[in-house]
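Participant: I am sharing query.txt, which consists of compact mmCIF, C-alpha atoms:
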# COMPACT_ATOMS: atom_id res chain seq x y z
CA MET A 1465 35.19 -4.48 7.70
CA HIS A 1466 34.69 -1.05 6.25
CA ALA A 1467 36.52 0.56 9.14
CA ILE A 1468 39.42 -1.87 8.85
CA SER A 1469 39.83 -1.27 5.11
CA GLN A 1470 39.68 2.49 5.62
CA GLN A 1471 42.63 2.32 7.98
CA LEU A 1472 44.60 -0.10 5.83
CA SER A 1473 44.17 1.84 2.61
CA PRO A 1474 47.41 3.19 1.08
CA THR A 1475 45.61 6.09 -0.63
CA LEU A 1476 43.90 8.98 1.08
CA GLY A 1477 40.16 9.56 1.02
CA CYS A 1478 39.16 5.92 1.03
CA TYR A 1479 35.49 5.25 1.73
CA GLY A 1480 35.78 1.60 2.51
CA ILE A 1481 35.89 -1.71 0.76
CA GLU A 1482 34.38 -1.97 -2.70
CA LEU A 1483 35.68 -5.16 -4.25
CA LEU A 1484 37.58 -8.07 -2.77
CA GLU A 1485 38.95 -10.65 -5.19
CA ALA A 1486 40.12 -13.94 -3.79
CA ASP A 1487 40.87 -17.35 -5.29
CA THR A 1488 37.57 -18.97 -4.50
CA PHE A 1489 35.21 -16.00 -4.32
CA ASP A 1490 34.56 -12.36 -5.23
CA LEU A 1491 33.13 -10.00 -2.64
CA ARG A 1492 31.55 -6.78 -3.85
CA CYS A 1493 30.15 -3.98 -1.75
CA PHE A 1494 27.65 -1.25 -2.55
CA GLN A 1495 27.33 1.69 -0.19
CA ALA A 1496 24.26 3.87 -0.29
CA LEU A 1497 24.35 7.60 0.44
CA THR A 1498 22.90 6.91 3.88
CA GLY A 1499 25.70 4.52 4.79
CA THR A 1500 23.74 1.29 4.41
CA LYS A 1501 26.02 -1.32 2.88
CA PHE A 1502 25.10 -4.24 0.66
CA PHE A 1503 27.51 -7.13 0.20
CA VAL A 1504 27.41 -9.92 -2.34
CA VAL A 1505 29.64 -12.99 -2.39
CA ALA A 1506 29.92 -14.71 -5.76
CA GLU A 1507 32.12 -17.02 -7.77
CA PRO A 1508 35.29 -15.42 -9.09
CA GLY A 1509 34.89 -13.60 -12.38
CA THR A 1510 31.14 -13.02 -12.14
CA GLN A 1511 29.98 -9.99 -14.10
CA GLY A 1512 27.11 -7.64 -13.45
CA LEU A 1513 27.36 -7.65 -9.68
CA ASP A 1514 27.31 -3.88 -9.51
CA SER A 1515 23.94 -3.53 -11.17
CA LEU A 1516 22.66 -6.45 -9.13
CA LEU A 1517 23.52 -4.64 -5.92
CA LYS A 1518 21.82 -1.48 -7.17
CA ASN A 1519 18.66 -3.47 -7.90
CA VAL A 1520 18.80 -5.05 -4.45
CA TYR A 1521 19.01 -1.56 -3.00
CA GLY A 1522 15.87 -0.67 -4.93
CA LEU A 1523 14.09 -3.73 -3.52
CA TYR A 1524 15.27 -2.84 -0.02
CA VAL A 1525 13.79 0.64 -0.31
CA ASP A 1526 10.52 -0.74 -1.60
CA TYR A 1527 9.77 -3.82 0.48
CA VAL A 1528 11.68 -3.22 3.68
CA LEU A 1529 11.49 0.50 4.33
CA LYS A 1530 7.81 0.78 3.41
CA ASN A 1531 6.91 -2.12 5.66
CA PRO A 1532 5.43 -0.81 8.91
CA PHE A 1533 6.45 -3.97 10.78
CA TYR A 1534 10.16 -3.59 10.11
CA GLU A 1535 12.32 -1.83 12.66
CA VAL A 1536 15.43 -0.14 11.33
CA GLU A 1537 18.74 -1.92 12.02
CA MET A 1538 16.99 -5.20 12.86
CA PRO A 1539 17.50 -8.35 10.75
CA ILE A 1540 15.23 -8.29 7.72
CA ARG A 1541 12.35 -10.77 7.89
CA CYS A 1542 10.08 -9.46 5.15
CA GLU A 1543 8.41 -12.09 3.02
CA LEU A 1544 8.01 -9.79 0.00
CA PHE A 1545 11.67 -8.78 0.11
CA ASP A 1546 12.79 -12.43 0.13
CA LEU A 1547 10.42 -13.32 -2.70
CA SER A 1548 11.48 -10.49 -4.98
CA LEU A 1549 15.14 -11.08 -4.14
CA THR A 1550 14.96 -14.72 -5.28
CA GLN A 1551 13.11 -13.62 -8.41
CA LEU A 1552 15.81 -11.07 -9.17
CA ILE A 1553 18.62 -13.59 -8.71
CA ARG A 1554 16.86 -16.16 -10.88
CA LYS A 1555 16.21 -13.62 -13.60
CA ASP A 1556 19.79 -12.40 -13.59
CA LYS A 1557 21.27 -15.88 -13.58
CA GLY A 1558 20.95 -16.05 -17.32
CA VAL A 1559 22.60 -12.63 -17.72
CA ILE A 1560 25.37 -13.09 -15.19
CA GLY A 1561 26.14 -16.61 -16.32
CA ARG A 1562 26.16 -19.41 -13.74
CA MET B 1405 -5.09 49.76 0.99
CA ALA B 1406 -3.17 48.12 -1.86
CA ASP B 1407 -5.31 47.01 -4.82
CA ALA B 1408 -3.06 44.15 -5.91
CA PRO B 1409 -1.43 41.80 -3.36
CA LYS B 1410 2.34 42.02 -3.41
CA LYS B 1411 4.32 38.89 -4.19
CA GLY B 1412 5.16 36.91 -1.05
CA THR B 1413 2.40 38.30 1.12
CA LEU B 1414 -0.26 36.15 2.72
CA ARG B 1415 -2.95 37.49 0.42
CA ALA B 1416 -0.87 36.46 -2.56
CA ALA B 1417 -0.64 32.94 -1.18
CA TYR B 1418 -4.42 32.74 -0.79
CA ARG B 1419 -4.88 34.02 -4.32
CA ARG B 1420 -2.62 31.26 -5.70
CA ALA B 1421 -4.45 28.53 -3.76
CA ALA B 1422 -7.75 29.78 -5.08
CA ASP B 1423 -6.40 29.52 -8.63
CA ILE B 1424 -6.64 25.72 -8.46
CA LYS B 1425 -9.79 24.85 -10.38
CA PRO B 1426 -11.87 21.76 -9.47
CA ARG B 1427 -11.30 20.24 -12.89
CA ASP B 1428 -7.53 20.29 -12.32
CA ALA B 1429 -7.97 18.52 -8.98
CA ARG B 1430 -9.50 15.53 -10.69
CA THR B 1431 -6.39 14.76 -12.72
CA TRP B 1432 -3.88 15.37 -9.94
CA GLN B 1433 -1.67 12.43 -9.23
CA VAL B 1434 0.01 11.52 -5.97
CA SER B 1435 3.25 9.57 -5.86
CA LEU B 1436 2.79 5.91 -4.87
CA ASN B 1437 5.94 6.05 -2.76
CA ALA B 1438 4.66 9.03 -0.82
CA PHE B 1439 1.40 7.25 -0.08
CA ALA B 1440 3.20 4.03 0.86
CA PHE B 1441 5.39 5.84 3.40
CA LEU B 1442 2.44 7.74 4.80
CA PHE B 1443 0.37 4.58 5.18
CA SER B 1444 3.29 2.72 6.76
CA GLU B 1445 3.68 5.53 9.29
CA MET B 1446 -0.04 5.46 10.01
CA VAL B 1447 0.11 1.74 10.80
CA GLN B 1448 3.15 2.22 13.02
CA TYR B 1449 1.48 5.12 14.82
CA ASN B 1450 -1.54 3.00 15.63
CA GLN B 1451 0.56 0.00 16.56
CA THR B 1452 2.13 1.83 19.49
CA ARG B 1453 -1.27 2.76 20.86
CA VAL B 1454 -3.06 -0.59 20.89
CA ASP B 1455 -2.78 -3.77 22.95
CA ASN B 1456 -3.81 -6.36 20.40
CA ILE B 1457 -4.26 -7.01 16.71
CA ALA B 1458 -8.05 -6.75 16.67
CA GLU B 1459 -7.82 -3.25 18.04
CA LEU B 1460 -5.24 -2.30 15.40
CA GLU B 1461 -7.55 -3.52 12.65
CA HIS B 1462 -10.40 -1.61 14.21
CA ARG B 1463 -8.37 1.59 14.26
CA LEU B 1464 -7.37 1.24 10.61
CA GLU B 1465 -10.99 0.58 9.71
CA HIS B 1466 -12.03 3.67 11.61
CA ALA B 1467 -9.49 5.72 9.71
CA GLY B 1468 -10.83 4.42 6.42
CA TYR B 1469 -14.41 5.05 7.47
CA GLY B 1470 -13.91 8.80 7.52
CA VAL B 1471 -12.32 8.64 4.08
CA GLY B 1472 -15.25 6.60 2.75
CA LEU B 1473 -17.86 9.07 3.97
CA ARG B 1474 -16.07 11.98 2.38
CA MET B 1475 -15.39 10.11 -0.84
CA LEU B 1476 -19.09 9.36 -1.14
CA GLU B 1477 -19.89 13.06 -1.21
CA LEU B 1478 -17.15 13.71 -3.72
CA LEU B 1479 -18.29 10.92 -6.03
CA CYS B 1480 -21.89 12.10 -5.78
CA HIS B 1481 -20.74 15.55 -6.74
CA ARG B 1482 -18.98 14.21 -9.82
CA GLU B 1483 -21.71 11.81 -10.90
CA LYS B 1484 -23.97 13.51 -13.42
CA LYS B 1485 -25.78 10.88 -15.39
CA ARG B 1486 -27.10 8.38 -12.87
CA SER B 1487 -30.58 8.99 -11.56
CA LYS B 1488 -31.50 8.87 -7.91
CA ALA B 1489 -33.56 5.70 -8.36
CA SER B 1490 -30.48 3.55 -8.79
CA TRP B 1491 -29.52 4.24 -5.19
CA ASN B 1492 -32.45 2.49 -3.61
CA SER B 1493 -32.04 -1.03 -4.68
CA LEU B 1494 -29.03 -3.13 -4.00
CA ILE B 1495 -29.56 -6.02 -6.34
CA CYS B 1496 -30.46 -4.30 -9.57
CA PRO B 1497 -28.71 -2.22 -10.72
CA GLN B 1498 -25.46 -2.80 -8.84
CA HIS B 1499 -24.50 -0.19 -6.34
CA PRO B 1500 -23.14 2.68 -8.43
CA MET B 1501 -20.53 3.60 -5.89
CA GLU B 1502 -18.86 0.22 -5.96
CA ILE B 1503 -18.72 0.47 -9.71
CA ALA B 1504 -17.15 3.90 -9.47
CA LEU B 1505 -14.54 2.59 -7.04
CA TRP B 1506 -13.82 -0.79 -8.52
CA LYS B 1507 -15.25 -0.88 -12.06
CA ASP B 1508 -16.53 -4.35 -11.19
CA SER B 1509 -19.83 -5.43 -9.80
CA LEU B 1510 -20.22 -6.99 -6.42
CA GLU B 1511 -20.00 -10.74 -6.41
CA LYS B 1512 -22.54 -12.58 -4.37
CA GLY B 1513 -21.24 -14.80 -1.61
CA THR B 1514 -22.26 -18.43 -1.75
CA GLU B 1515 -22.78 -19.18 1.91
CA ASN B 1516 -25.14 -16.52 3.14
CA GLU B 1517 -27.83 -14.36 1.64
CA ASP B 1518 -26.51 -11.16 3.11
CA GLU B 1519 -22.87 -11.50 2.06
CA TYR B 1520 -21.20 -9.90 -0.96
CA MET B 1521 -17.55 -9.93 -1.95
CA ILE B 1522 -15.08 -7.81 -3.87
CA SER B 1523 -12.00 -9.75 -4.82
CA GLU B 1524 -8.67 -8.17 -5.76
CA LYS B 1525 -5.34 -9.64 -6.71
CA GLU B 1526 -3.46 -7.24 -4.47
CA LEU B 1527 -4.69 -4.20 -2.64
CA LEU B 1528 -2.68 -1.06 -3.27
CA VAL B 1529 -2.14 -0.49 0.41
CA ASN B 1530 -0.75 -4.00 0.86
CA ARG B 1531 1.69 -3.83 -2.01
CA PHE B 1532 4.83 -3.22 0.00
CA ILE B 1533 3.72 -4.71 3.29
CA SER B 1534 4.79 -8.14 4.55
CA VAL B 1535 2.93 -9.08 7.69
CA PRO B 1536 5.12 -11.02 10.15
CA LYS B 1537 3.97 -14.56 10.91
CA ASP B 1538 3.27 -13.88 14.56
CA MET B 1539 0.53 -11.41 13.67
CA GLY B 1540 -1.65 -14.15 12.29
CA ALA B 1541 -4.36 -13.11 9.91
CA PHE B 1542 -3.90 -9.37 10.28
CA ASN B 1543 -4.58 -7.48 7.07
CA CYS B 1544 -3.80 -3.83 6.46
CA GLY B 1545 -6.66 -3.98 3.99
CA ALA B 1546 -8.78 -3.17 7.02
CA TYR B 1547 -8.21 0.42 5.93
CA VAL B 1548 -9.81 -0.27 2.55
CA ALA B 1549 -12.60 -2.18 4.26
CA GLY B 1550 -13.19 0.95 6.33
CA ILE B 1551 -13.46 3.05 3.18
CA VAL B 1552 -16.04 0.67 1.74
CA LYS B 1553 -17.95 0.69 5.02
CA GLY B 1554 -17.98 4.49 5.00
CA VAL B 1555 -19.31 4.61 1.46
CA LEU B 1556 -22.03 2.04 2.20
CA ASP B 1557 -23.05 3.55 5.52
CA GLY B 1558 -23.22 7.00 4.03
CA SER B 1559 -25.52 5.87 1.23
CA GLY B 1560 -27.89 4.05 3.54
CA PHE B 1561 -26.66 0.44 3.33
CA PRO B 1562 -25.23 -0.31 6.78
CA ALA B 1563 -22.93 -3.30 6.71
CA ARG B 1564 -20.04 -5.02 8.40
CA VAL B 1565 -17.03 -4.96 6.08
CA THR B 1566 -13.84 -6.94 6.56
CA ALA B 1567 -10.75 -7.75 4.49
CA HIS B 1568 -9.41 -11.30 4.23
CA PHE B 1569 -6.52 -13.05 2.60
CA VAL B 1570 -7.56 -15.89 0.34
CA PRO B 1571 -4.70 -18.22 -0.64
CA VAL B 1572 -4.58 -19.14 -4.31
CA GLU B 1573 -3.02 -22.30 -5.64
CA GLY B 1574 0.13 -21.79 -7.62
CA GLN B 1575 0.72 -18.24 -6.49
CA PRO B 1576 2.97 -17.20 -3.62
CA ARG B 1577 0.84 -14.20 -2.69
CA PRO B 1578 -2.76 -14.65 -1.60
CA ARG B 1579 -5.61 -12.68 -3.12
CA THR B 1580 -7.48 -10.20 -0.97
CA THR B 1581 -11.23 -10.36 -0.58
CA ILE B 1582 -13.36 -7.66 0.94
CA LEU B 1583 -16.35 -9.25 2.57
CA ILE B 1584 -19.50 -7.17 2.96
CA LYS B 1585 -22.15 -8.42 5.33
CA PHE B 1586 -25.27 -6.28 5.12
CA SER B 1587 -27.39 -5.69 8.18
CA GLU B 1588 -30.92 -6.95 8.70
CA GLU B 1589 -32.69 -3.74 7.81
CA VAL B 1590 -31.10 -3.64 4.37
CA LEU B 1591 -32.30 -7.13 3.55
CA GLN B 1592 -35.78 -6.38 4.79
CA ARG B 1593 -35.89 -3.24 2.67
CA GLU B 1594 -34.77 -5.21 -0.37
CA ALA B 1595 -37.47 -7.77 0.24
CA ARG B 1596 -40.06 -5.02 0.47
CA LEU B 1597 -38.92 -3.24 -2.70
CA SER B 1598 -38.53 -6.22 -5.01
Translate the structure of the given file into structure tokens.
Facilitator:
Amino acid sequence: MHAISQQLSPTLGCYGIELLEADTFDLRCFQALTGTKFFVVAEPGTQGLDSLLKNVYGLYVDYVLKNPFYEVEMPIRCELFDLSLTQLIRKDKGVIGR
Amino acid sequence: MADAPKKGTLRAAYRRAADIKPRDARTWQVSLNAFAFLFSEMVQYNQTRVDNIAELEHRLEHAGYGVGLRMLELLCHREKKRSKASWNSLICPQHPMEIALWKDSLEKGTENEDEYMISEKELLVNRFISVPKDMGAFNCGAYVAGIVKGVLDGSGFPARVTAHFVPVEGQPRPRTTILIKFSEEVLQREARLS
């Protein structure tokens, strides 16, 4: 998707998709310096997605990269990552609003 | 022959290393992230060289054993007040080394005479590690168990030390218990001394 948006972009120096607003959903992307991309799909008009993605990146670094049983580029099956992710979403629900 | 080492020479580097006083070393702090990455790499390194989980645990324990032996010497060096007599008996007073490491006394196991336990909410080494389900009851706390074993062996209390997960009701993460099973000769010595 990133590659497609880079080619479609009308301006020069585009790094890829960052925000996609549609009728029924919002799609936001966060790209780390290493090229790892985090996507979140939410209801239209949701605020605070940017900081949410940054927090998820922090969790990824902690619970996935420091896990000796995780191989890079494989699907993430780390119990701690899932747990802390649900906690983060639940905590932010009050802030983000619905 | 120069009387003062010039900046950037090897002698200058040695002089700077020697400037580190022992009292500074005690308050040095190491980044948790750095340790977590190092430990993760250590587990991965061993994983490629073993055939099964029991062997992996054994290797981690062996790694911790060396650390325990050396830590014992270091703690002895820093201990000033305790007398030598406290080292002989296990029951009373509690083993001073465990207190130095955990600030908690050993708990006595309920099933057997020779079993003691140290219970922790979450071991530091396990903080970022999620063990996949197909590895069963594998616990990276085997490293910590190795450290404890090294400390006990070095001070004359040979034991078999293992780390176990103990599920707790109402909490998603289990507690970790380090089980210490002392060998026969220790119990016999205790019986003779008390």
Participant: Taking the point (25.4, -5.7, -5.3) as given in the file, collect each protein or nucleic acid residue that comes within 7 Å of it, counting only C-alpha atoms, and present the set as a ChimeraX atom specification.
Facilitator: /A:1492-1494,1502-1504,1513-1518,1520
Participant: Select from chain A every residue with an atom at most 9 Å from any atom of chain B, then for each give the shortest pair of atoms and their distance in Å to one decimal, using all atoms listed in the file, rows by chain and rising number, as CSV.
Facilitator:
residue,atom,partner,partner_atom,distance
A:Asp1526,CA,B:Phe1532,CA,6.4
A:Tyr1527,CA,B:Phe1532,CA,5.0
A:Val1528,CA,B:Phe1532,CA,7.8
A:Leu1529,CA,B:Phe1441,CA,8.2
A:Lys1530,CA,B:Phe1441,CA,5.6
A:Asn1531,CA,B:Ile1533,CA,4.7
A:Pro1532,CA,B:Ser1444,CA,4.7
A:Phe1533,CA,B:Val1535,CA,6.9
A:Tyr1534,CA,B:Ser1534,CA,9.0
A:Arg1541,CA,B:Pro1536,CA,7.6
A:Cys1542,CA,B:Ser1534,CA,5.5
A:Glu1543,CA,B:Ser1534,CA,5.6
A:Leu1544,CA,B:Ser1534,CA,5.8
A:Phe1545,CA,B:Ser1534,CA,8.2
A:Leu1547,CA,B:Pro1576,CA,8.5
Participant: So the first atom is atom CA of Arg1463 of chain B and the second is atom CA of Lys1525 of chain B; what is the distance between them in Å, to one decimal place?
Facilitator: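 Between atom CA of Arg1463 of chain B and atom CA of Lys1525 of chain B the gap works out to 24.0 Å.
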Participant: Restricting the calculation to all atoms listed in the file, which member of B:Phe1586, B:Phe1561, B:Phe1569, B:Tyr1520 is positioned closest to Cys1544 of chain B?
Facilitator: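 Smallest distance to Cys1544 of chain B is found for B:Phe1569.
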Participant: Please indicate the distance in Å from atom CA of Leu1464 of chain B to atom CA of Ala1546 of chain B, rounded to one decimal place.
Facilitator: 5.9 Å
Participant: Grab the atom CA of Arg1564 of chain B to atom CA of Ser1598 of chain B distance for me, in Å with one decimal place.
Facilitator: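 Atom CA of Ser1598 of chain B lies at a distance of 22.9 Å from atom CA of Arg1564 of chain B.
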Participant: Which is closer to Ile1522 of chain B than all the others in B:Glu1573, B:Thr1581, B:Gly1554, B:Gly1545, using only C-alpha atoms?
Facilitator: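 Closest residue, counting only C-alpha atoms: B:Thr1581.
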Participant: With all atoms listed in the file counted, which protein, DNA or RNA residues have an atom no more than 12 Å from (-10.9, 8.2, 1.2) in the file frame? Please answer as a ChimeraX atom specification.
Facilitator: /B:1465-1479,1505,1547-1555
Participant: Using all atoms listed in the file, find the one residue out of A:Met1538, A:Asn1519, A:Ala1486, A:Tyr1524 that sits nearest to Leu1552 of chain A.
Facilitator: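 Result for the nearest residue to Leu1552 of chain A: A:Asn1519.
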Participant: Nearest to Thr1500 of chain A: which of A:Asp1556, A:Glu1485, A:Asp1546, A:Glu1537 is it, counting all atoms listed in the file?
Facilitator: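 Of A:Asp1556, A:Glu1485, A:Asp1546, A:Glu1537, the one nearest Thr1500 of chain A, counting all atoms listed in the file, is A:Glu1537.
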